[in-house]
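Novice: Provided below: run.txt, containing compact mmCIF, C-alpha atoms.
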# COMPACT_ATOMS: atom_id res chain seq x y z
CA MET A 13 73.41 -35.24 66.97
CA ALA A 14 76.54 -34.62 64.93
CA ILE A 15 76.13 -32.50 61.83
CA GLY A 16 76.55 -34.67 58.77
CA ALA A 17 76.02 -38.00 60.55
CA ARG A 18 73.97 -40.37 58.40
CA ASP A 19 74.07 -43.72 60.18
CA ALA A 20 70.84 -45.62 60.79
CA ASP A 21 70.56 -44.63 64.46
CA THR A 22 71.00 -40.95 63.65
CA LEU A 23 68.46 -41.00 60.83
CA THR A 24 65.96 -42.89 62.98
CA THR A 25 66.43 -40.38 65.80
CA MET A 26 65.99 -37.49 63.38
CA ALA A 27 62.78 -39.08 62.04
CA GLY A 28 61.42 -39.31 65.58
CA ARG A 29 62.28 -35.69 66.25
CA LEU A 30 60.59 -34.57 63.06
CA ALA A 31 57.47 -36.56 63.97
CA ARG A 32 57.38 -34.89 67.40
CA LEU A 33 57.91 -31.49 65.81
CA ASP A 34 54.97 -32.21 63.49
CA GLN A 35 52.78 -32.79 66.55
CA ALA A 36 53.99 -29.61 68.26
CA LEU A 37 53.61 -27.13 65.38
CA ASP A 38 50.43 -25.35 64.39
CA ASP A 39 49.28 -25.23 60.77
CA VAL A 40 51.21 -22.01 60.09
CA GLY A 41 54.46 -23.53 61.37
CA LYS A 42 53.87 -26.71 59.39
CA GLY A 43 53.24 -24.61 56.29
CA GLN A 44 56.53 -22.75 56.76
CA VAL A 45 58.41 -26.03 57.09
CA GLU A 46 56.74 -27.46 54.00
CA LYS A 47 57.57 -24.33 52.02
CA GLN A 48 61.25 -24.49 53.06
CA ALA A 49 61.71 -28.26 52.74
CA ASP A 50 59.28 -28.88 49.87
CA HIS A 51 57.98 -31.79 51.97
CA THR A 52 55.77 -32.12 55.03
CA LEU A 53 57.40 -33.12 58.30
CA LYS A 54 55.60 -36.45 58.04
CA GLN A 55 57.04 -37.02 54.56
CA LEU A 56 60.53 -36.12 55.80
CA ALA A 57 60.24 -38.53 58.73
CA ASN A 58 58.95 -41.31 56.48
CA ASN A 59 61.75 -40.70 53.94
CA LEU A 60 64.34 -40.99 56.69
CA LEU A 61 62.82 -44.24 57.95
CA ASP A 62 62.65 -45.61 54.40
CA ALA A 63 66.33 -44.72 53.95
CA VAL A 64 67.33 -47.12 56.75
CA ASP A 65 64.82 -49.90 55.95
CA PRO A 66 66.76 -52.80 54.35
CA ASP A 67 63.70 -53.95 52.40
CA GLN A 68 63.18 -50.45 50.97
CA GLN A 69 66.89 -50.23 50.12
CA MET A 70 66.76 -53.54 48.23
CA ASP A 71 63.55 -52.55 46.39
CA HIS A 72 65.06 -49.22 45.35
CA ALA A 73 68.30 -50.85 44.18
CA GLN A 74 66.44 -53.50 42.17
CA ALA A 75 64.35 -50.83 40.45
CA LYS A 76 67.20 -48.37 39.91
CA PHE A 77 69.65 -50.91 38.48
CA GLY A 78 67.16 -53.25 36.79
CA THR A 79 68.35 -56.39 38.53
CA ASP A 80 66.93 -58.85 41.05
CA THR A 81 70.35 -59.18 42.70
CA PRO A 82 71.98 -55.77 43.11
CA THR A 83 75.51 -55.57 44.52
CA GLU A 84 76.17 -54.17 47.98
CA ASP A 85 77.46 -50.98 46.36
CA GLN A 86 74.27 -50.64 44.32
CA VAL A 87 72.12 -51.14 47.41
CA ALA A 88 74.17 -48.53 49.28
CA GLU A 89 73.85 -46.06 46.41
CA ALA A 90 70.10 -46.59 46.16
CA ALA A 91 69.61 -46.36 49.94
CA GLY A 92 69.15 -42.62 49.78
CA HIS A 93 70.81 -41.77 53.12
CA ARG A 94 72.43 -38.69 51.72
CA ARG A 95 69.34 -37.35 50.01
CA ALA A 96 67.11 -38.02 53.03
CA ALA A 97 69.60 -36.42 55.39
CA ARG A 98 70.05 -33.43 53.10
CA ILE A 99 66.31 -32.84 52.86
CA ALA A 100 65.87 -33.16 56.61
CA GLY A 101 68.78 -30.76 57.04
CA ARG A 102 66.63 -28.04 55.53
CA VAL A 103 64.41 -28.30 58.58
CA VAL A 104 66.83 -29.28 61.32
CA LEU A 105 69.82 -27.15 60.31
CA GLY A 106 67.97 -24.38 58.52
CA ASP A 107 70.64 -24.31 55.81
CA GLY A 108 68.72 -25.48 52.78
CA GLY A 109 70.09 -28.96 53.36
CA THR A 110 73.59 -28.06 52.23
CA ALA A 111 75.61 -28.93 55.35
CA ASN A 112 77.87 -31.88 54.49
CA PRO A 113 75.81 -32.99 51.47
CA ASP A 114 78.02 -36.03 50.73
With the file now loaded, output its structure as structure tokens.
Specialist:
Amino acid sequence: MAIGARDADTLTTMAGRLARLDQALDDVGKGQVEKQADHTLKQLANNLLDAVDPDQQMDHAQAKFGTDTPTEDQVAEAAGHRRAARIAGRVVLGDGGTANPD
């Protein structure tokens, strides 16, 4: 997986990996991840999946911009790919989520 990649396939793959990691870690390991990421692995995985869900993207754009018909740019802005990838980066990259934040 390329560092900084934020396309739907990459985010979906990362969500799957986080879900598997959640199953593999004991409670201490999960606690360390949650402390570092400020989210559980399950929350991180769900956030990544939400970031690539077109229905979630539309809902977020409608709420954020107060319109029933947001533009493509508004939907893209509200999609949250960057934020979801940055948060997951805290776990996957161990860098506080700062690698390629844009």
Novice: Considering only C-alpha atoms, can you say which of A:Ala20, A:Ala31, A:Leu37, A:His72 comes closest to A:Asn58?
Specialist: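 Closest candidate: A:Ala31.
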Novice: Rounded to one decimal, what separation in Å do you get between atom CA of A:Leu60 and atom CA of A:Met26?
Specialist: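 For atom CA of A:Leu60 relative to atom CA of A:Met26, the distance reads 7.7 Å.
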Novice: Residues at most 8 Å from stretch 86-89 of chain A, counting only C-alpha atoms, excluding those fewer than 4 positions away in the same chain, as a VMD selection string?
Specialist: chain A and resid 69 to 70 72 to 73 77 82
Novice: Around all the atoms of stretch 38-56 of chain A listed in the file, draw an axis-aligned box and extend it by 3 Å on each of the six sides; I want its centre and edge lengths in Å to one decimal, as JSON.
Specialist:
{"center_x": 55.5, "center_y": -29.5, "center_z": 57.1, "size_x": 18.4, "size_y": 21.0, "size_z": 20.5}
Novice: If you measure from atom CA of A:Gln48 to atom CA of A:Asp62, what distance in Å do you get, rounded to one decimal?
Specialist: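 Taking atom CA of A:Gln48 and atom CA of A:Asp62, their separation equals 21.2 Å.
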Novice: Pick the closest to A:Lys54 from A:Pro66, A:Ala27, A:Val40, A:Thr79: which is it, counting all atoms listed in the file?
Specialist: A:Ala27
Novice: Counting only C-alpha atoms, what is within 9 Å of A:Gly28, bar same-chain residues fewer than 5 positions away, as a list in words?
Specialist: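 The residues that qualify are Leu23, Leu33 and Ala57 of chain A.
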Novice: Just give me the gap between atom CA of A:Thr24 and atom CA of A:Ala63 in Å, one decimal is fine.
Specialist: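 Atom-to-atom, atom CA of A:Thr24 to atom CA of A:Ala63, that is 9.2 Å.
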